[in-house]
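Everything below belongs to final-v9.txt, which stores compact mmCIF, C-alpha atoms.
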```txt
# COMPACT_ATOMS: atom_id res chain seq x y z
CA MET A 396 -6.63 -22.86 -0.52
CA PRO A 397 -2.93 -23.28 0.07
CA ALA A 398 -2.03 -23.28 3.72
CA THR A 399 0.92 -21.12 2.91
CA SER A 400 0.00 -17.62 2.41
CA GLY A 401 1.35 -14.87 4.51
CA THR A 402 -0.72 -11.82 5.03
CA ALA A 403 0.32 -8.87 3.00
CA VAL A 404 1.63 -6.01 5.07
CA LEU A 405 0.96 -2.60 3.70
CA THR A 406 2.76 0.51 4.90
CA LEU A 407 3.01 4.11 3.77
CA PRO A 408 6.69 5.09 3.77
CA SER A 409 5.76 8.63 2.71
CA ASP A 410 2.80 10.57 1.39
CA THR A 411 3.47 9.44 -2.16
CA GLU A 412 4.52 5.83 -1.57
CA ILE A 413 2.82 2.55 -0.81
CA LEU A 414 4.83 -0.49 0.21
CA MET A 415 3.27 -3.93 0.10
CA VAL A 416 5.20 -6.91 1.44
CA ARG A 417 4.02 -10.50 1.11
CA GLU A 418 5.61 -13.90 1.60
CA PHE A 419 4.97 -16.85 -0.65
CA ASP A 420 5.54 -20.51 0.01
CA ALA A 421 7.43 -21.04 -3.22
CA PRO A 422 11.00 -20.50 -4.36
CA ARG A 423 11.98 -17.15 -5.79
CA HIS A 424 12.33 -18.25 -9.42
CA LEU A 425 8.78 -19.57 -9.42
CA VAL A 426 7.35 -16.40 -7.94
CA TYR A 427 9.21 -14.39 -10.56
CA HIS A 428 8.02 -16.77 -13.26
CA ALA A 429 4.39 -16.41 -12.21
CA TYR A 430 4.86 -12.67 -12.03
CA THR A 431 6.21 -12.28 -15.55
CA THR A 432 4.53 -14.99 -17.66
CA PRO A 433 1.43 -13.81 -19.54
CA GLU A 434 -0.58 -17.04 -19.27
CA LEU A 435 0.02 -17.11 -15.51
CA ILE A 436 -0.63 -13.41 -15.00
CA LYS A 437 -4.06 -13.94 -16.53
CA ARG A 438 -4.79 -16.33 -13.73
CA TRP A 439 -3.90 -14.14 -10.77
CA TRP A 440 -3.83 -10.47 -11.70
CA GLY A 441 -7.59 -10.12 -11.72
CA GLY A 442 -7.91 -11.40 -8.17
CA LYS A 443 -11.62 -11.86 -7.67
CA ARG A 444 -12.51 -8.76 -9.61
CA GLY A 445 -12.80 -9.99 -13.13
CA ASN A 446 -11.40 -11.91 -16.02
CA VAL A 447 -7.99 -10.92 -17.35
CA HIS A 448 -8.21 -11.49 -21.09
CA THR A 449 -5.10 -9.63 -22.18
CA ALA A 450 -1.64 -9.89 -20.65
CA GLU A 451 1.16 -8.73 -22.91
CA ILE A 452 4.71 -8.45 -21.70
CA ASP A 453 7.85 -7.50 -23.56
CA LEU A 454 10.22 -8.31 -20.75
CA ARG A 455 13.26 -6.19 -21.51
CA VAL A 456 14.37 -2.74 -20.44
CA GLY A 457 12.37 -0.30 -22.54
CA GLY A 458 9.82 -3.01 -23.32
CA THR A 459 6.17 -2.48 -22.47
CA TRP A 460 3.45 -4.42 -20.72
CA ARG A 461 -0.33 -4.18 -20.79
CA TYR A 462 -2.99 -6.04 -18.81
CA VAL A 463 -6.71 -5.75 -19.49
CA MET A 464 -9.46 -7.20 -17.39
CA THR A 465 -13.21 -7.30 -17.82
CA ALA A 466 -14.49 -6.40 -14.39
CA GLU A 467 -17.64 -7.77 -12.88
CA GLY A 468 -19.74 -4.81 -13.97
CA GLY A 469 -18.77 -5.53 -17.58
CA PHE A 470 -16.38 -2.62 -17.96
CA GLU A 471 -12.78 -2.87 -19.03
CA VAL A 472 -9.94 -2.09 -16.66
CA ALA A 473 -6.58 -1.63 -18.35
CA PHE A 474 -3.11 -0.86 -17.10
CA HIS A 475 0.11 -0.53 -19.04
CA GLY A 476 3.67 0.55 -18.51
CA GLU A 477 7.29 0.21 -19.44
CA PHE A 478 10.13 -1.77 -17.88
CA LYS A 479 12.93 0.37 -16.50
CA GLU A 480 15.12 -2.21 -14.83
CA ILE A 481 15.15 -6.00 -14.89
CA VAL A 482 17.27 -8.34 -12.81
CA PRO A 483 15.85 -11.81 -13.54
CA ASN A 484 14.47 -13.53 -10.42
CA GLU A 485 15.45 -10.55 -8.27
CA LYS A 486 14.07 -7.21 -9.27
CA LEU A 487 11.65 -5.50 -11.62
CA VAL A 488 11.16 -1.77 -11.98
CA ASN A 489 8.38 -0.58 -14.23
CA THR A 490 6.05 2.29 -14.80
CA GLU A 491 2.33 1.81 -14.40
CA VAL A 492 -0.48 3.81 -15.96
CA TYR A 493 -4.15 3.27 -15.29
CA GLU A 494 -5.83 3.85 -18.63
CA GLY A 495 -9.03 5.02 -16.98
CA ALA A 496 -7.31 7.95 -15.30
CA PRO A 497 -7.05 11.41 -16.85
CA PRO A 498 -3.76 11.93 -18.72
CA GLU A 499 -2.49 14.43 -16.19
CA ALA A 500 -2.58 11.73 -13.52
CA GLY A 501 0.76 10.58 -14.88
CA GLU A 502 2.35 7.27 -14.08
CA ALA A 503 3.39 5.39 -11.01
CA LEU A 504 6.77 3.73 -10.62
CA VAL A 505 6.62 0.21 -9.23
CA THR A 506 9.65 -1.60 -7.83
CA CYS A 507 9.29 -5.31 -7.09
CA THR A 508 12.00 -7.10 -5.16
CA PHE A 509 12.10 -10.88 -4.78
CA GLU A 510 14.05 -12.24 -1.80
CA ASP A 511 14.90 -15.79 -0.71
CA LEU A 512 13.71 -16.85 2.71
CA VAL A 513 14.50 -20.04 4.56
CA GLY A 514 12.47 -23.11 3.69
CA GLY A 515 12.16 -22.27 0.01
CA ARG A 516 9.96 -19.29 0.66
CA THR A 517 10.08 -15.91 -1.02
CA ARG A 518 9.42 -12.40 0.14
CA LEU A 519 8.00 -10.05 -2.44
CA SER A 520 8.25 -6.33 -1.71
CA MET A 521 6.33 -4.04 -3.99
CA LEU A 522 6.93 -0.31 -3.70
CA THR A 523 4.58 1.97 -5.63
CA GLN A 524 5.66 5.59 -5.98
CA VAL A 525 3.45 8.25 -7.46
CA ASP A 526 4.90 11.61 -8.38
CA SER A 527 2.48 13.87 -6.66
CA LYS A 528 -0.16 14.29 -4.08
CA GLU A 529 -2.60 14.92 -6.94
CA VAL A 530 -2.06 11.45 -8.34
CA ARG A 531 -2.50 9.95 -4.93
CA ASP A 532 -5.71 11.90 -4.44
CA ALA A 533 -6.94 10.61 -7.79
CA ILE A 534 -6.35 7.09 -6.58
CA ILE A 535 -8.39 7.83 -3.49
CA ASP A 536 -11.21 9.32 -5.50
CA SER A 537 -11.31 6.33 -7.82
CA GLY A 538 -11.36 4.02 -4.85
CA MET A 539 -14.37 5.30 -2.99
CA GLU A 540 -16.31 2.14 -3.58
CA GLY A 541 -16.52 0.47 -0.23
CA GLY A 542 -19.38 2.20 1.51
CA ALA A 543 -19.98 -1.02 3.38
CA GLN A 544 -16.84 -0.44 5.35
CA GLU A 545 -18.24 2.68 6.95
CA GLY A 546 -19.10 1.00 10.21
CA LEU A 547 -15.56 -0.09 10.86
CA ASP A 548 -13.66 1.23 13.74
CA ILE A 549 -11.42 3.35 11.63
CA LEU A 550 -9.25 4.38 14.49
CA GLU A 551 -8.21 0.94 15.40
CA THR A 552 -7.59 -0.20 11.87
CA ILE A 553 -5.42 2.77 11.05
CA ALA A 554 -3.49 2.44 14.26
CA ILE A 555 -2.67 -1.17 13.46
CA GLU A 556 -1.62 -0.31 9.95
CA LEU A 557 0.56 2.53 11.08
CA GLN A 558 2.13 0.41 13.76
CA ALA A 559 3.56 -1.83 11.10
CA VAL A 560 5.64 1.04 9.72
CA MET B 633 3.08 26.24 -1.39
CA ALA B 634 5.70 23.61 -0.85
CA ARG B 635 6.30 24.99 2.59
CA ALA B 636 2.70 24.52 3.60
CA ALA B 637 2.54 20.98 2.29
CA THR B 638 3.33 19.26 5.57
CA THR B 639 0.25 20.63 7.17
CA THR B 640 -2.31 20.50 4.41
CA ASP B 641 -3.74 17.05 4.77
CA ALA B 642 -3.80 13.87 6.78
CA PHE B 643 -1.40 12.07 4.44
CA ASN B 644 1.34 14.61 4.95
CA ALA B 645 0.66 14.73 8.63
CA VAL B 646 1.22 11.00 9.08
CA ALA B 647 4.19 10.81 6.72
CA GLU B 648 6.43 11.73 9.67
CA PRO B 649 7.34 8.72 11.88
CA ARG B 650 7.17 10.65 15.17
CA ARG B 651 3.69 11.84 14.34
CA ARG B 652 2.62 8.29 13.64
CA GLN B 653 4.00 7.34 17.04
CA ILE B 654 1.92 10.07 18.62
CA LEU B 655 -1.17 8.76 16.86
CA ASP B 656 -0.42 5.26 18.08
CA LEU B 657 -0.18 6.54 21.65
CA LEU B 658 -3.38 8.54 21.33
CA ALA B 659 -5.12 5.49 19.87
CA GLY B 660 -4.88 4.17 23.42
CA GLY B 661 -6.84 7.13 24.78
CA GLU B 662 -6.71 10.80 25.63
CA ARG B 663 -3.38 12.04 26.97
CA PRO B 664 -1.77 15.24 28.26
CA VAL B 665 1.32 16.48 26.47
CA ASN B 666 3.71 15.66 29.31
CA GLU B 667 2.73 12.03 29.12
CA LEU B 668 3.45 12.01 25.39
CA VAL B 669 6.82 13.64 26.06
CA GLN B 670 7.62 10.94 28.57
CA GLN B 671 6.60 8.06 26.33
CA LEU B 672 8.30 9.39 23.21
CA GLY B 673 11.49 10.45 24.97
CA ILE B 674 11.86 13.66 22.96
CA PRO B 675 11.74 17.27 24.16
CA GLN B 676 8.39 18.93 24.72
CA PRO B 677 8.82 21.66 22.05
CA GLN B 678 9.20 18.93 19.42
CA VAL B 679 6.16 17.06 20.65
CA SER B 680 4.17 20.28 20.66
CA LYS B 681 5.24 21.04 17.12
CA HIS B 682 4.08 17.62 15.93
CA LEU B 683 0.82 18.00 17.81
CA ARG B 684 0.24 21.34 16.11
CA VAL B 685 0.62 19.76 12.67
CA LEU B 686 -1.73 16.95 13.61
CA ARG B 687 -4.27 19.42 14.96
CA GLU B 688 -4.17 21.55 11.84
CA VAL B 689 -5.36 18.66 9.70
CA GLY B 690 -7.90 17.61 12.31
CA VAL B 691 -6.33 14.25 13.11
CA VAL B 692 -5.82 15.28 16.71
CA GLU B 693 -8.15 17.33 18.88
CA VAL B 694 -7.50 19.08 22.16
CA ARG B 695 -9.55 20.15 25.14
CA ASP B 696 -8.78 21.90 28.39
CA SER B 697 -9.25 19.98 31.57
CA GLY B 698 -8.32 22.00 34.62
CA ARG B 699 -4.65 22.92 34.24
CA GLN B 700 -4.05 20.31 31.59
CA ARG B 701 -4.63 20.19 27.88
CA LEU B 702 -5.71 16.76 26.79
CA TYR B 703 -5.09 15.47 23.29
CA ARG B 704 -7.11 12.81 21.55
CA LEU B 705 -7.25 11.12 18.16
CA ASN B 706 -9.97 11.97 15.66
CA GLY B 707 -10.28 8.89 13.45
CA ARG B 708 -12.66 10.56 11.05
CA ALA B 709 -9.86 12.75 9.72
CA LEU B 710 -7.89 9.63 8.87
CA LYS B 711 -10.64 8.27 6.65
CA PRO B 712 -9.08 9.39 3.33
CA ILE B 713 -5.99 7.39 4.20
CA HIS B 714 -8.09 4.48 5.30
CA ASP B 715 -10.03 4.45 2.03
CA TRP B 716 -6.93 4.69 -0.06
CA VAL B 717 -5.08 2.01 1.81
CA LYS B 718 -8.04 -0.35 1.98
CA THR B 719 -8.79 -0.27 -1.73
CA TYR B 720 -5.20 -0.87 -2.66
CA GLU B 721 -4.74 -3.51 -0.03
CA ARG B 722 -7.89 -5.39 -0.97
CA THR B 723 -6.97 -5.53 -4.65
CA TRP B 724 -3.49 -6.80 -3.99
CA THR B 725 -4.55 -9.24 -1.29
CA GLU B 726 -6.90 -10.87 -3.78
CA ARG B 727 -4.23 -10.95 -6.44
CA PHE B 728 -1.66 -12.46 -4.12
CA ASP B 729 -4.10 -15.11 -2.92
CA ALA B 730 -4.71 -16.07 -6.55
CA LEU B 731 -0.95 -16.07 -7.09
CA ASP B 732 -0.60 -18.57 -4.22
CA ASP B 733 -2.79 -21.00 -6.15
CA VAL B 734 -0.75 -20.57 -9.32
CA LEU B 735 2.48 -21.11 -7.39
CA ASP B 736 1.16 -24.26 -5.81
CA GLU B 737 0.55 -25.71 -9.23
CA LEU B 738 3.92 -24.62 -10.53
CA LYS B 739 5.63 -26.32 -7.61
CA LYS B 740 3.92 -29.59 -8.47
CA GLU B 741 4.68 -29.29 -12.17
CA GLN B 742 8.33 -28.31 -11.96
CA PRO B 743 9.74 -28.88 -8.51
CA ASP B 744 13.34 -28.21 -9.53
CA ALA B 745 12.95 -26.14 -12.65
CA ARG B 746 15.03 -23.01 -12.97
CA ASP B 747 14.35 -20.21 -15.40
```
Since I need it in another form, could you write the structure as structure tokens?
Amino acid sequence: MPATSGTAVLTLPSDTEILMVREFDAPRHLVYHAYTTPELIKRWWGGKRGNVHTAEIDLRVGGTWRYVMTAEGGFEVAFHGEFKEIVPNEKLVNTEVYEGAPPEAGEALVTCTFEDLVGGRTRLSMLTQVDSKEVRDAIIDSGMEGGAQEGLDILETIAIELQAV
Amino acid sequence: MARAATTTDAFNAVAEPRRRQILDLLAGGERPVNELVQQLGIPQPQVSKHLRVLREVGVVEVRDSGRQRLYRLNGRALKPIHDWVKTYERTWTERFDALDDVLDELKKEQPDARD
């Protein structure tokens, strides 16, 4: 465990946007490198949820990407999209489609910004925009997995999250 | 339809910064409207308007107590947001933690490398 990690801060700038901000104890070019290099993506994109066996990236505007993971239950989870804007080491804008969603769910637009901080650290801001409330609701429906969380004091948690906005 | 959108669900209700402020205040306990007006520093009609939106989606509840109307937060109505946020947050927190490990290795391998 690196002693570095910041805690990701998640906010909801609007009803169709999610903003995730996280600091990393590494210089910007390395964060960007890890973010865009297939062999490295395979190592982090799955988190603890499964094994990423496919990570394809054609890193140019109009180029596509596709990541596929075998999740713990044995099923495949695949996402793909297209790059819309690329500023090396600074900014990536790409579409994102969850292949398990119905076609009408459409695609999300993800904007990643990499910023230098003092001490060789980097701030990554990731803004996900979906085009409609329907898409957002689909994400909610697909995410109803954590029944164990029921006992949480929802009030308090939400209040803290909203405070960060 | 578009006109009604601001009041149809919890997500729309909390998309407005002032309404989030109201929720934050109510998270501290039940309050009458004049106290909210005081704390927010905006005119009462505006506060009342926001409270109405919050009430329509069930995020805020009201009861009469003598001459006052007391408003309180109803966390249950925020659960869809909570679920959505939590799932997303958990996934990305795990990914970013894994990314930390990858970055640590990269730093050791190529301390000065530039792409």
Q: Hey, list the chain B side of the contact with chain A: 6 Å cut-off, all atoms listed in the file, answer as a ChimeraX atom specification.
A: /B:643-644,647,656,707,716,719,726-727,730-731
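The nearest approach to Thr490 in chain A among the residues A:Arg455, A:Arg518, A:His448, A:His475, with all atoms listed in the file taken into account, belongs to A:His475.
Distances to Arg704 in chain B were evaluated for B:Leu668, B:Val692, B:Leu738, B:Leu686 using all atoms listed in the file, and the minimum falls at B:Val692.
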Q | Contacts of Gly458 in chain A within 10 Å, all atoms listed in the file, excl. fewer than 6 positions in-chain, as a PyMOL selection string | A | chain A and resi 452+476-479+489
Q) Using all atoms listed in the file, can you list as a VMD selection string the residues within 12 Å of (-4.7, -4.5, -17.6)? A) chain A and resid 433 436 to 437 439 to 441 444 to 452 460 to 466 470 to 476 491 to 495
Mind dumping the selected residues with C-alpha atoms as a PDB file, in the coordinates of the input?
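Below you can see part04.pdb, which holds the result:
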```
ATOM      1  CA  PRO A 433       1.430 -13.810 -19.540  1.00  0.00           C
ATOM      2  CA  ILE A 436      -0.630 -13.410 -15.000  1.00  0.00           C
ATOM      3  CA  LYS A 437      -4.060 -13.940 -16.530  1.00  0.00           C
ATOM      4  CA  TRP A 439      -3.900 -14.140 -10.770  1.00  0.00           C
ATOM      5  CA  TRP A 440      -3.830 -10.470 -11.700  1.00  0.00           C
ATOM      6  CA  GLY A 441      -7.590 -10.120 -11.720  1.00  0.00           C
ATOM      7  CA  ARG A 444     -12.510  -8.760  -9.610  1.00  0.00           C
ATOM      8  CA  GLY A 445     -12.800  -9.990 -13.130  1.00  0.00           C
ATOM      9  CA  ASN A 446     -11.400 -11.910 -16.020  1.00  0.00           C
ATOM     10  CA  VAL A 447      -7.990 -10.920 -17.350  1.00  0.00           C
ATOM     11  CA  HIS A 448      -8.210 -11.490 -21.090  1.00  0.00           C
ATOM     12  CA  THR A 449      -5.100  -9.630 -22.180  1.00  0.00           C
ATOM     13  CA  ALA A 450      -1.640  -9.890 -20.650  1.00  0.00           C
ATOM     14  CA  GLU A 451       1.160  -8.730 -22.910  1.00  0.00           C
ATOM     15  CA  ILE A 452       4.710  -8.450 -21.700  1.00  0.00           C
ATOM     16  CA  TRP A 460       3.450  -4.420 -20.720  1.00  0.00           C
ATOM     17  CA  ARG A 461      -0.330  -4.180 -20.790  1.00  0.00           C
ATOM     18  CA  TYR A 462      -2.990  -6.040 -18.810  1.00  0.00           C
ATOM     19  CA  VAL A 463      -6.710  -5.750 -19.490  1.00  0.00           C
ATOM     20  CA  MET A 464      -9.460  -7.200 -17.390  1.00  0.00           C
ATOM     21  CA  THR A 465     -13.210  -7.300 -17.820  1.00  0.00           C
ATOM     22  CA  ALA A 466     -14.490  -6.400 -14.390  1.00  0.00           C
ATOM     23  CA  PHE A 470     -16.380  -2.620 -17.960  1.00  0.00           C
ATOM     24  CA  GLU A 471     -12.780  -2.870 -19.030  1.00  0.00           C
ATOM     25  CA  VAL A 472      -9.940  -2.090 -16.660  1.00  0.00           C
ATOM     26  CA  ALA A 473      -6.580  -1.630 -18.350  1.00  0.00           C
ATOM     27  CA  PHE A 474      -3.110  -0.860 -17.100  1.00  0.00           C
ATOM     28  CA  HIS A 475       0.110  -0.530 -19.040  1.00  0.00           C
ATOM     29  CA  GLY A 476       3.670   0.550 -18.510  1.00  0.00           C
ATOM     30  CA  GLU A 491       2.330   1.810 -14.400  1.00  0.00           C
ATOM     31  CA  VAL A 492      -0.480   3.810 -15.960  1.00  0.00           C
ATOM     32  CA  TYR A 493      -4.150   3.270 -15.290  1.00  0.00           C
ATOM     33  CA  GLU A 494      -5.830   3.850 -18.630  1.00  0.00           C
ATOM     34  CA  GLY A 495      -9.030   5.020 -16.980  1.00  0.00           C
TER      35      GLY A 495
END
```
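The residue that comes closest to Leu658 in chain B, out of B:Glu688, B:Asp641, B:Glu741, B:Glu693 and on the basis of all atoms listed in the file, is B:Glu693.
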Q) So which residues touch Ser520 in chain A within 6 Å, counting all atoms listed in the file, skipping near sequence neighbours fewer than 2 positions away, as a list in words? A) Met415, Val416, Cys507 and Thr508 of chain A
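Note that the spacing between CA of Ile481 in chain A and CA of Leu454 in chain A amounts to 8.0 Å.
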Axis-aligned box over every listed atom of range 432-442 of chain A, padded by 8 Å per side: centre and edges in Å to one decimal, as AutoDock Vina command-line options?
```
--center_x -1.7 --center_y -13.6 --center_z -13.9 --size_x 28.4 --size_y 23.0 --size_z 27.4
```
Q.
What does the structure give for the distance between CA of Asp733 in chain B and CA of Arg516 in chain A, in Å to one decimal?
A. 14.6 Å
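Taking all atoms listed in the file into account, Arg684 in chain B lies nearest to B:Arg651 out of the set B:Asp696, B:Arg651, B:Arg663, B:Val669.
If you look at CA of Leu672 in chain B and CA of Ile654 in chain B, they are 7.9 Å away from each other.
Nearest residue to Val665 in chain B among B:Arg701, B:Arg695, B:Lys740, B:Arg722 is B:Arg701, counting all atoms listed in the file.
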Q: Select all residues near (8.0, 15.2, 12.3) (cut-off 7 Å, inclusive, file coordinates), counting all atoms listed in the file, and output them as an MDAnalysis selection string.
A: chainID B and resid 648:651 682
